[in-house]
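Here the structure comes first, spelled out in structure tokens, and everything after it is commentary.
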Amino acid sequence: MKKIRKCESCGEYTLEEEHCGIKTLSAHPPKYNPNDKYAKYRRKEKGISNG
Ligand SMILES: [Zn+2]
């Protein structure tokens, strides 16, 4: 399934990777991933020395 993309040049929505001779951008950028928040904490835990 193709994702809808947007041309930055003319502002048109398209399914093509290119429009107006430039690369189009994803019109639906990935949403903020709540898991990232926890990944940060997990990384912190990893830094803790267990002695
Ligand atoms: Zn365009």
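Residues in the structure tokens are named by chain (A, B, ... in the order shown) and by number from 1 within that chain; ligands are numbered from 1 in the order shown.
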Chain A near ligand 1 within 9 Å: what's each residue's closest atom pair and its distance in Å to one decimal, counting only C-alpha atoms and all ligand atoms, ordered by chain then ascending residue number, as a Markdown table?
| residue | atom | partner | partner_atom_place_in_ligand_line | distance |
| --- | --- | --- | --- | --- |
| A:Lys6 | CA | ligand 1 | 1 (Zn) | 7.8 |
| A:Cys7 | CA | ligand 1 | 1 (Zn) | 4.7 |
| A:Glu8 | CA | ligand 1 | 1 (Zn) | 6.7 |
| A:Ser9 | CA | ligand 1 | 1 (Zn) | 5.1 |
| A:Cys10 | CA | ligand 1 | 1 (Zn) | 4.2 |
| A:Gly11 | CA | ligand 1 | 1 (Zn) | 6.2 |
| A:Glu12 | CA | ligand 1 | 1 (Zn) | 5.6 |
| A:Tyr13 | CA | ligand 1 | 1 (Zn) | 8.0 |
| A:Thr14 | CA | ligand 1 | 1 (Zn) | 8.3 |
| A:Glu18 | CA | ligand 1 | 1 (Zn) | 7.9 |
| A:His19 | CA | ligand 1 | 1 (Zn) | 4.4 |
| A:Cys20 | CA | ligand 1 | 1 (Zn) | 4.2 |
| A:Gly21 | CA | ligand 1 | 1 (Zn) | 7.6 |
| A:Ile22 | CA | ligand 1 | 1 (Zn) | 7.7 |
| A:Thr24 | CA | ligand 1 | 1 (Zn) | 7.9 |
